[in-house]
Each structure stands twice: as C-alpha cells, then as structure tokens.
$ cat final_20.cif   # mmCIF, N, CA and C atoms
data_start
#
loop_
_atom_site.label_atom_id
_atom_site.label_comp_id
_atom_site.auth_asym_id
_atom_site.auth_seq_id
_atom_site.Cartn_x
_atom_site.Cartn_y
_atom_site.Cartn_z
N MET A 481 -190.74 157.97 -123.99
CA MET A 481 -192.07 158.30 -124.44
C MET A 481 -192.05 159.10 -125.73
N ALA A 482 -190.99 159.93 -125.88
CA ALA A 482 -190.87 160.73 -127.09
C ALA A 482 -190.68 159.85 -128.31
N ASP A 483 -189.95 158.74 -128.15
CA ASP A 483 -189.69 157.82 -129.25
C ASP A 483 -190.98 157.13 -129.67
N GLU A 484 -191.85 156.86 -128.70
CA GLU A 484 -193.11 156.19 -128.98
C GLU A 484 -194.01 157.08 -129.82
N GLN A 485 -193.97 158.37 -129.59
CA GLN A 485 -194.82 159.30 -130.33
C GLN A 485 -194.35 159.47 -131.77
N THR A 486 -193.03 159.44 -132.01
CA THR A 486 -192.53 159.67 -133.37
C THR A 486 -192.58 158.42 -134.24
N THR A 487 -192.33 157.26 -133.68
CA THR A 487 -192.31 156.04 -134.50
C THR A 487 -193.53 155.16 -134.27
N GLY A 488 -194.23 155.36 -133.22
CA GLY A 488 -195.38 154.53 -132.91
C GLY A 488 -195.01 153.23 -132.22
N MET A 489 -193.74 153.06 -131.90
CA MET A 489 -193.29 151.84 -131.23
C MET A 489 -192.78 152.19 -129.84
N PRO A 490 -192.93 151.27 -128.89
CA PRO A 490 -192.43 151.55 -127.54
C PRO A 490 -190.90 151.58 -127.54
N GLU A 491 -190.34 152.34 -126.65
CA GLU A 491 -188.89 152.49 -126.51
C GLU A 491 -188.30 151.21 -125.90
N THR A 492 -187.19 150.67 -126.51
CA THR A 492 -186.56 149.47 -125.98
C THR A 492 -185.19 149.84 -125.43
N PRO A 493 -184.80 149.18 -124.35
CA PRO A 493 -183.47 149.48 -123.80
C PRO A 493 -182.37 148.98 -124.75
N GLU A 494 -181.26 149.72 -124.78
CA GLU A 494 -180.15 149.35 -125.66
C GLU A 494 -179.38 148.19 -125.04
N ALA A 495 -178.91 147.29 -125.93
CA ALA A 495 -178.09 146.16 -125.47
C ALA A 495 -176.71 146.68 -125.11
N PRO A 496 -176.05 146.05 -124.14
CA PRO A 496 -174.70 146.50 -123.79
C PRO A 496 -173.75 146.32 -124.97
N GLN A 497 -172.87 147.28 -125.15
CA GLN A 497 -171.91 147.24 -126.25
C GLN A 497 -170.78 146.28 -125.91
N THR A 498 -170.47 145.38 -126.83
CA THR A 498 -169.34 144.49 -126.66
C THR A 498 -168.22 144.97 -127.57
N PRO A 499 -166.98 144.87 -127.11
CA PRO A 499 -165.88 145.33 -127.96
C PRO A 499 -165.74 144.43 -129.18
N PRO A 500 -165.33 145.00 -130.31
CA PRO A 500 -165.18 144.17 -131.50
C PRO A 500 -164.05 143.16 -131.30
N PRO A 501 -164.18 141.98 -131.92
CA PRO A 501 -163.12 140.98 -131.75
C PRO A 501 -161.82 141.47 -132.37
N THR A 502 -160.73 141.05 -131.77
CA THR A 502 -159.42 141.45 -132.30
C THR A 502 -159.10 140.58 -133.51
N GLU A 503 -158.14 141.04 -134.31
CA GLU A 503 -157.76 140.31 -135.51
C GLU A 503 -157.12 138.98 -135.18
N GLY A 504 -156.48 138.86 -134.04
CA GLY A 504 -155.76 137.65 -133.69
C GLY A 504 -156.58 136.65 -132.90
N GLY A 505 -157.88 136.83 -132.85
CA GLY A 505 -158.72 135.91 -132.10
C GLY A 505 -158.55 136.04 -130.61
N GLY A 506 -158.10 137.22 -130.14
CA GLY A 506 -157.94 137.46 -128.72
C GLY A 506 -156.56 137.14 -128.20
N LEU A 507 -155.73 136.53 -129.00
CA LEU A 507 -154.37 136.16 -128.58
C LEU A 507 -153.42 137.29 -128.93
N ASP A 508 -152.56 137.65 -127.98
CA ASP A 508 -151.56 138.68 -128.23
C ASP A 508 -150.69 138.22 -129.40
N PRO A 509 -150.53 139.04 -130.45
CA PRO A 509 -149.75 138.62 -131.62
C PRO A 509 -148.32 138.19 -131.29
N LYS A 510 -147.69 138.87 -130.35
CA LYS A 510 -146.32 138.51 -130.00
C LYS A 510 -146.28 137.13 -129.32
N LEU A 511 -147.24 136.86 -128.47
CA LEU A 511 -147.30 135.56 -127.81
C LEU A 511 -147.63 134.46 -128.81
N GLY A 512 -148.55 134.74 -129.72
CA GLY A 512 -148.89 133.75 -130.75
C GLY A 512 -147.71 133.41 -131.62
N ALA A 513 -146.92 134.42 -131.99
CA ALA A 513 -145.73 134.18 -132.81
C ALA A 513 -144.70 133.36 -132.04
N LEU A 514 -144.54 133.65 -130.77
CA LEU A 514 -143.60 132.87 -129.93
C LEU A 514 -144.05 131.42 -129.85
N LEU A 515 -145.34 131.18 -129.65
CA LEU A 515 -145.86 129.82 -129.53
C LEU A 515 -145.67 129.02 -130.82
N ALA A 516 -145.70 129.72 -131.95
CA ALA A 516 -145.49 129.03 -133.23
C ALA A 516 -144.13 128.36 -133.27
N TYR A 517 -143.11 129.02 -132.74
CA TYR A 517 -141.76 128.44 -132.73
C TYR A 517 -141.56 127.48 -131.56
N LEU A 518 -142.22 127.74 -130.45
CA LEU A 518 -142.05 126.91 -129.26
C LEU A 518 -142.50 125.47 -129.52
N PHE A 519 -143.58 125.31 -130.26
CA PHE A 519 -144.12 123.98 -130.52
C PHE A 519 -143.83 123.49 -131.94
N GLY A 520 -142.86 124.10 -132.59
CA GLY A 520 -142.38 123.61 -133.89
C GLY A 520 -143.44 123.56 -134.95
N PHE A 521 -143.43 122.49 -135.73
CA PHE A 521 -144.32 122.34 -136.87
C PHE A 521 -145.78 122.45 -136.46
N LEU A 522 -146.16 121.73 -135.41
CA LEU A 522 -147.55 121.71 -134.97
C LEU A 522 -147.99 123.09 -134.48
N GLY A 523 -147.14 123.75 -133.69
CA GLY A 523 -147.47 125.09 -133.21
C GLY A 523 -147.61 126.08 -134.36
N GLY A 524 -146.70 126.00 -135.32
CA GLY A 524 -146.78 126.87 -136.50
C GLY A 524 -148.05 126.62 -137.28
N LEU A 525 -148.41 125.36 -137.44
CA LEU A 525 -149.62 125.01 -138.19
C LEU A 525 -150.87 125.54 -137.49
N ILE A 526 -150.94 125.38 -136.19
CA ILE A 526 -152.11 125.86 -135.44
C ILE A 526 -152.21 127.38 -135.54
N VAL A 527 -151.10 128.08 -135.34
CA VAL A 527 -151.11 129.54 -135.42
C VAL A 527 -151.48 129.99 -136.82
N TYR A 528 -150.91 129.37 -137.82
CA TYR A 528 -151.16 129.76 -139.21
C TYR A 528 -152.62 129.56 -139.59
N LEU A 529 -153.21 128.45 -139.17
CA LEU A 529 -154.58 128.14 -139.57
C LEU A 529 -155.64 128.84 -138.75
N THR A 530 -155.33 129.21 -137.51
CA THR A 530 -156.38 129.77 -136.65
C THR A 530 -156.33 131.28 -136.49
N GLN A 531 -155.24 131.92 -136.85
CA GLN A 531 -155.11 133.35 -136.61
C GLN A 531 -155.22 134.14 -137.91
N LYS A 532 -155.76 135.35 -137.80
CA LYS A 532 -155.91 136.22 -138.96
C LYS A 532 -154.84 137.31 -139.01
N ASP A 533 -154.18 137.53 -137.89
CA ASP A 533 -153.17 138.57 -137.81
C ASP A 533 -151.99 138.19 -138.71
N LYS A 534 -151.57 139.11 -139.59
CA LYS A 534 -150.51 138.81 -140.55
C LYS A 534 -149.17 138.52 -139.87
N PHE A 535 -148.89 139.20 -138.77
CA PHE A 535 -147.66 138.98 -138.02
C PHE A 535 -147.59 137.54 -137.51
N MET A 536 -148.70 137.08 -136.93
CA MET A 536 -148.73 135.72 -136.39
C MET A 536 -148.71 134.69 -137.52
N ARG A 537 -149.45 134.96 -138.59
CA ARG A 537 -149.48 134.01 -139.71
C ARG A 537 -148.10 133.87 -140.35
N PHE A 538 -147.37 135.00 -140.47
CA PHE A 538 -146.02 134.94 -141.02
C PHE A 538 -145.13 134.05 -140.17
N HIS A 539 -145.14 134.28 -138.85
CA HIS A 539 -144.29 133.48 -137.98
C HIS A 539 -144.76 132.02 -137.92
N GLY A 540 -146.06 131.80 -138.03
CA GLY A 540 -146.57 130.43 -138.09
C GLY A 540 -146.05 129.69 -139.31
N MET A 541 -146.12 130.34 -140.48
CA MET A 541 -145.64 129.71 -141.70
C MET A 541 -144.12 129.54 -141.68
N GLN A 542 -143.41 130.52 -141.15
CA GLN A 542 -141.95 130.40 -141.08
C GLN A 542 -141.55 129.27 -140.14
N SER A 543 -142.29 129.08 -139.07
CA SER A 543 -142.03 127.97 -138.15
C SER A 543 -142.28 126.63 -138.82
N ILE A 544 -143.35 126.55 -139.59
CA ILE A 544 -143.65 125.32 -140.34
C ILE A 544 -142.50 125.00 -141.29
N MET A 545 -142.05 126.02 -142.02
CA MET A 545 -140.98 125.80 -143.00
C MET A 545 -139.64 125.49 -142.35
N LEU A 546 -139.36 126.12 -141.22
CA LEU A 546 -138.12 125.84 -140.49
C LEU A 546 -138.12 124.39 -140.00
N SER A 547 -139.21 123.97 -139.40
CA SER A 547 -139.32 122.60 -138.89
C SER A 547 -139.27 121.58 -140.02
N ALA A 548 -140.00 121.85 -141.09
CA ALA A 548 -140.01 120.92 -142.23
C ALA A 548 -138.62 120.80 -142.85
N SER A 549 -137.93 121.92 -142.97
CA SER A 549 -136.57 121.89 -143.53
C SER A 549 -135.65 121.05 -142.66
N TYR A 550 -135.74 121.25 -141.36
CA TYR A 550 -134.91 120.46 -140.44
C TYR A 550 -135.19 118.97 -140.61
N PHE A 551 -136.47 118.60 -140.61
CA PHE A 551 -136.81 117.18 -140.69
C PHE A 551 -136.38 116.56 -142.02
N VAL A 552 -136.54 117.28 -143.11
CA VAL A 552 -136.14 116.75 -144.42
C VAL A 552 -134.63 116.51 -144.45
N VAL A 553 -133.85 117.48 -144.00
CA VAL A 553 -132.39 117.33 -144.00
C VAL A 553 -131.96 116.24 -143.03
N ALA A 554 -132.57 116.17 -141.85
CA ALA A 554 -132.20 115.14 -140.87
C ALA A 554 -132.53 113.75 -141.39
N ILE A 555 -133.67 113.60 -142.02
CA ILE A 555 -134.03 112.29 -142.58
C ILE A 555 -133.09 111.94 -143.73
N GLY A 556 -132.77 112.92 -144.57
CA GLY A 556 -131.83 112.68 -145.66
C GLY A 556 -130.47 112.23 -145.16
N LEU A 557 -129.97 112.90 -144.13
CA LEU A 557 -128.67 112.49 -143.55
C LEU A 557 -128.76 111.09 -142.93
N GLY A 558 -129.88 110.77 -142.33
CA GLY A 558 -130.08 109.44 -141.74
C GLY A 558 -130.08 108.36 -142.81
N ILE A 559 -130.72 108.64 -143.93
CA ILE A 559 -130.76 107.67 -145.03
C ILE A 559 -129.35 107.48 -145.61
N ILE A 560 -128.64 108.58 -145.82
CA ILE A 560 -127.28 108.49 -146.33
C ILE A 560 -126.39 107.71 -145.37
N SER A 561 -126.53 107.97 -144.09
CA SER A 561 -125.75 107.26 -143.08
C SER A 561 -126.06 105.76 -143.11
N GLY A 562 -127.33 105.43 -143.25
CA GLY A 562 -127.74 104.02 -143.33
C GLY A 562 -127.18 103.33 -144.57
N ILE A 563 -127.22 104.01 -145.70
CA ILE A 563 -126.69 103.43 -146.94
C ILE A 563 -125.19 103.21 -146.81
N LEU A 564 -124.50 104.19 -146.25
CA LEU A 564 -123.04 104.04 -146.07
C LEU A 564 -122.72 102.88 -145.12
N ALA A 565 -123.55 102.67 -144.11
CA ALA A 565 -123.32 101.57 -143.17
C ALA A 565 -123.53 100.22 -143.87
N VAL A 566 -124.55 100.15 -144.73
CA VAL A 566 -124.82 98.91 -145.46
C VAL A 566 -123.70 98.60 -146.44
N LEU A 567 -123.13 99.64 -147.03
CA LEU A 567 -122.04 99.46 -147.99
C LEU A 567 -120.69 99.25 -147.29
N GLU A 568 -120.76 99.02 -146.00
CA GLU A 568 -119.57 98.79 -145.17
C GLU A 568 -118.61 99.98 -145.20
N LEU A 569 -119.19 101.15 -145.26
CA LEU A 569 -118.42 102.39 -145.15
C LEU A 569 -118.82 103.08 -143.85
N GLY A 570 -118.89 102.27 -142.80
CA GLY A 570 -119.36 102.74 -141.50
C GLY A 570 -118.55 103.88 -140.93
N CYS A 571 -117.25 103.91 -141.24
CA CYS A 571 -116.43 105.00 -140.70
C CYS A 571 -116.85 106.34 -141.28
N ILE A 572 -117.31 106.34 -142.53
CA ILE A 572 -117.79 107.60 -143.13
C ILE A 572 -119.15 107.96 -142.53
N SER A 573 -119.97 106.93 -142.29
CA SER A 573 -121.29 107.22 -141.70
C SER A 573 -121.16 107.74 -140.28
N LEU A 574 -120.05 107.40 -139.60
CA LEU A 574 -119.82 107.93 -138.25
C LEU A 574 -119.56 109.44 -138.28
N ILE A 575 -119.05 109.93 -139.38
CA ILE A 575 -118.82 111.37 -139.52
C ILE A 575 -120.14 112.11 -139.57
N LEU A 576 -121.17 111.46 -140.10
CA LEU A 576 -122.47 112.12 -140.23
C LEU A 576 -123.19 112.28 -138.89
N ALA A 577 -122.83 111.48 -137.89
CA ALA A 577 -123.48 111.61 -136.57
C ALA A 577 -123.25 112.99 -135.96
N PRO A 578 -122.01 113.49 -135.93
CA PRO A 578 -121.82 114.84 -135.40
C PRO A 578 -122.48 115.92 -136.28
N VAL A 579 -122.55 115.65 -137.57
CA VAL A 579 -123.22 116.61 -138.47
C VAL A 579 -124.70 116.69 -138.12
N GLN A 580 -125.31 115.53 -137.87
CA GLN A 580 -126.72 115.52 -137.48
C GLN A 580 -126.93 116.22 -136.15
N PHE A 581 -126.01 116.02 -135.22
CA PHE A 581 -126.10 116.69 -133.92
C PHE A 581 -125.98 118.20 -134.09
N LEU A 582 -125.03 118.65 -134.90
CA LEU A 582 -124.87 120.09 -135.15
C LEU A 582 -126.10 120.68 -135.84
N LEU A 583 -126.70 119.91 -136.71
CA LEU A 583 -127.94 120.35 -137.38
C LEU A 583 -129.05 120.55 -136.35
N TRP A 584 -129.16 119.61 -135.42
CA TRP A 584 -130.17 119.70 -134.37
C TRP A 584 -129.92 120.94 -133.49
N VAL A 585 -128.66 121.17 -133.11
CA VAL A 585 -128.31 122.34 -132.30
C VAL A 585 -128.64 123.61 -133.06
N LEU A 586 -128.32 123.66 -134.35
CA LEU A 586 -128.63 124.82 -135.17
C LEU A 586 -130.14 125.08 -135.21
N PHE A 587 -130.92 124.02 -135.34
CA PHE A 587 -132.38 124.14 -135.35
C PHE A 587 -132.89 124.71 -134.03
N ILE A 588 -132.38 124.20 -132.91
CA ILE A 588 -132.80 124.68 -131.59
C ILE A 588 -132.42 126.15 -131.40
N VAL A 589 -131.19 126.49 -131.78
CA VAL A 589 -130.72 127.88 -131.63
C VAL A 589 -131.56 128.81 -132.52
N ALA A 590 -131.83 128.40 -133.74
CA ALA A 590 -132.64 129.22 -134.64
C ALA A 590 -134.05 129.40 -134.08
N SER A 591 -134.62 128.34 -133.53
CA SER A 591 -135.97 128.42 -132.95
C SER A 591 -135.99 129.38 -131.75
N ILE A 592 -135.01 129.27 -130.88
CA ILE A 592 -134.95 130.17 -129.71
C ILE A 592 -134.75 131.61 -130.16
N TYR A 593 -133.86 131.82 -131.11
CA TYR A 593 -133.62 133.16 -131.65
C TYR A 593 -134.91 133.75 -132.21
N MET A 594 -135.65 132.95 -132.96
CA MET A 594 -136.89 133.44 -133.56
C MET A 594 -137.97 133.67 -132.49
N MET A 595 -137.97 132.87 -131.42
CA MET A 595 -138.92 133.11 -130.33
C MET A 595 -138.66 134.47 -129.69
N VAL A 596 -137.40 134.77 -129.45
CA VAL A 596 -137.03 136.05 -128.83
C VAL A 596 -137.41 137.21 -129.75
N LYS A 597 -137.09 137.09 -131.03
CA LYS A 597 -137.41 138.15 -131.99
C LYS A 597 -138.91 138.33 -132.14
N ALA A 598 -139.64 137.22 -132.23
CA ALA A 598 -141.09 137.29 -132.40
C ALA A 598 -141.75 137.91 -131.18
N TYR A 599 -141.31 137.52 -129.99
CA TYR A 599 -141.90 138.08 -128.77
C TYR A 599 -141.54 139.56 -128.62
N GLY A 600 -140.46 139.98 -129.23
CA GLY A 600 -140.08 141.38 -129.24
C GLY A 600 -140.84 142.19 -130.28
N GLY A 601 -141.69 141.52 -131.05
CA GLY A 601 -142.51 142.20 -132.04
C GLY A 601 -141.81 142.42 -133.37
N GLU A 602 -140.68 141.77 -133.58
CA GLU A 602 -139.93 141.95 -134.81
C GLU A 602 -140.30 140.88 -135.83
N LYS A 603 -140.42 141.31 -137.08
CA LYS A 603 -140.71 140.37 -138.17
C LYS A 603 -139.37 140.01 -138.82
N THR A 604 -138.64 139.12 -138.19
CA THR A 604 -137.33 138.71 -138.67
C THR A 604 -137.49 137.57 -139.66
N LYS A 605 -136.91 137.74 -140.85
CA LYS A 605 -137.00 136.70 -141.87
C LYS A 605 -135.72 135.87 -141.88
N LEU A 606 -135.90 134.57 -141.83
CA LEU A 606 -134.77 133.66 -141.98
C LEU A 606 -134.38 133.62 -143.46
N PRO A 607 -133.10 133.37 -143.76
CA PRO A 607 -132.69 133.29 -145.16
C PRO A 607 -133.49 132.22 -145.91
N VAL A 608 -133.89 132.52 -147.10
CA VAL A 608 -134.65 131.65 -148.01
C VAL A 608 -136.06 131.36 -147.47
N ILE A 609 -136.16 130.81 -146.27
CA ILE A 609 -137.44 130.42 -145.70
C ILE A 609 -138.34 131.64 -145.47
N GLY A 610 -137.76 132.74 -145.02
CA GLY A 610 -138.54 133.93 -144.70
C GLY A 610 -139.27 134.49 -145.91
N ASP A 611 -138.60 134.54 -147.04
CA ASP A 611 -139.23 135.05 -148.26
C ASP A 611 -140.35 134.12 -148.73
N MET A 612 -140.13 132.83 -148.60
CA MET A 612 -141.17 131.86 -148.99
C MET A 612 -142.37 131.97 -148.04
N ALA A 613 -142.12 132.13 -146.75
CA ALA A 613 -143.21 132.23 -145.77
C ALA A 613 -144.04 133.48 -146.01
N GLU A 614 -143.39 134.55 -146.41
CA GLU A 614 -144.09 135.82 -146.64
C GLU A 614 -145.09 135.71 -147.79
N LYS A 615 -144.83 134.84 -148.74
CA LYS A 615 -145.74 134.67 -149.88
C LYS A 615 -147.06 134.04 -149.46
N TYR A 616 -147.07 133.28 -148.35
CA TYR A 616 -148.28 132.58 -147.91
C TYR A 616 -149.10 133.36 -146.89
N VAL A 617 -148.68 134.56 -146.55
CA VAL A 617 -149.41 135.33 -145.54
C VAL A 617 -150.53 136.09 -146.15
#
$ encode --input "final_20.cif" --output "structure tokens"
Amino acid sequence: MADEQTTGMPETPEAPQTPPPTEGGGLDPKLGALLAYLFGFLGGLIVYLTQKDKFMRFHGMQSIMLSASYFVVAIGLGIISGILAVLELGCISLILAPVQFLLWVLFIVASIYMMVKAYGGEKTKLPVIGDMAEKYV
C-alpha cells in the first residue's frame, strides 16, 4: 500500500529470480572439452560452434585440427601407397601399411591423452596444433 501512495500505481509481486546462464551453455567445461576429443572432428566442431567458454572452444578447435591433421596425413599416405602399387612397387607400398597403422594408434593415444587432460581441467597444447588452435579462441 505504501508503494501505491508514492507512485500512484498498485504494488505488483516480484517475479522469481532465475540464475544467470553460464558461459558454457550449461555444460560443464571439463565435460565439454572431453566430448570434443571423444567424437573427433564432429565433436570438436559442435563444441567450438556452440560454446562460449574459452576453455571448451580451445579444446574444440584443437580437436578439429588434430582430426583434420590425421585425416590429411592418412589420405596422403593412402595415395602414395596406391601410386606405388600402380608403379609395380608394391613391396614399398607394403611398408606404408604399418606406418598408417602406427599413425592411427598415435591419433587414438593423443585423443585419449587429451581427453584425460581436458577432463582434469588442464589446457594442454599439442605441438604446433595447440598454438594454431589458441589463435581461433
């Protein structure tokens, strides 16, 4: 009633207070960073494009670059192997098969390592890729 006398308007009940949205869109930053590596290129792209948290965006971009690097090198080795096979240098192209397998193992190990570090809240930069990813955050 006191408010009505001073402003001339009836008193209205206050709306319930809602907490402000978090920077990460409600997703725990450590979990978001882990998911970026778990789902490779696509996971990194989704995290990078949908989250505002710099920690998650960094790991999203680093995941994109890690996956893209792996695919470019794997495709390059496949093309070289195919060319060597066509040139009847199949024995040399057979050497590339274990190299491709080791590359795949290295990619998986790097992804798991980065998942562990990201979920631990650490901003671990991979050589070369980490500095490039940081520029896009």
$ axis_aligned_box --input "final_20.cif" --around "region 603-614 of chain A" --padding-each-side "8 Å" --output "lines of an AutoDock Vina configuration file"
center_x = -138.9
center_y = 135.9
center_z = -143.0
size_x = 28.4
size_y = 26.9
size_z = 27.9
$ resolve_selection --input "final_20.cif" --expression "the PyMOL selection byres (((chain A and resi 617 and name CA) around 8) and name CA)" --output "number ranges by chain"
A: 534, 537-538, 541, 613-616
$ atom_distance --input "final_20.cif" --atom1 "CA of His539 (chain A)" --atom2 "CA of Gly512 (chain A)"
8.6 Å
$ closest_residue --input "final_20.cif" --among "A:Ile544, A:Val552, A:Leu564, A:Leu576" --to "Ala516 (chain A)" --atoms "only N, CA and C atoms"
A:Ile544
$ resolve_selection --input "final_20.cif" --expression "the PyMOL selection byres (((chain A and resi 601-608 and name CA) around 12) and name CA)" --output "NGL selection string"
:A and (508-514 or 534-543 or 545-546 or 549 or 587 or 590-591 or 593-600 or 609-615)
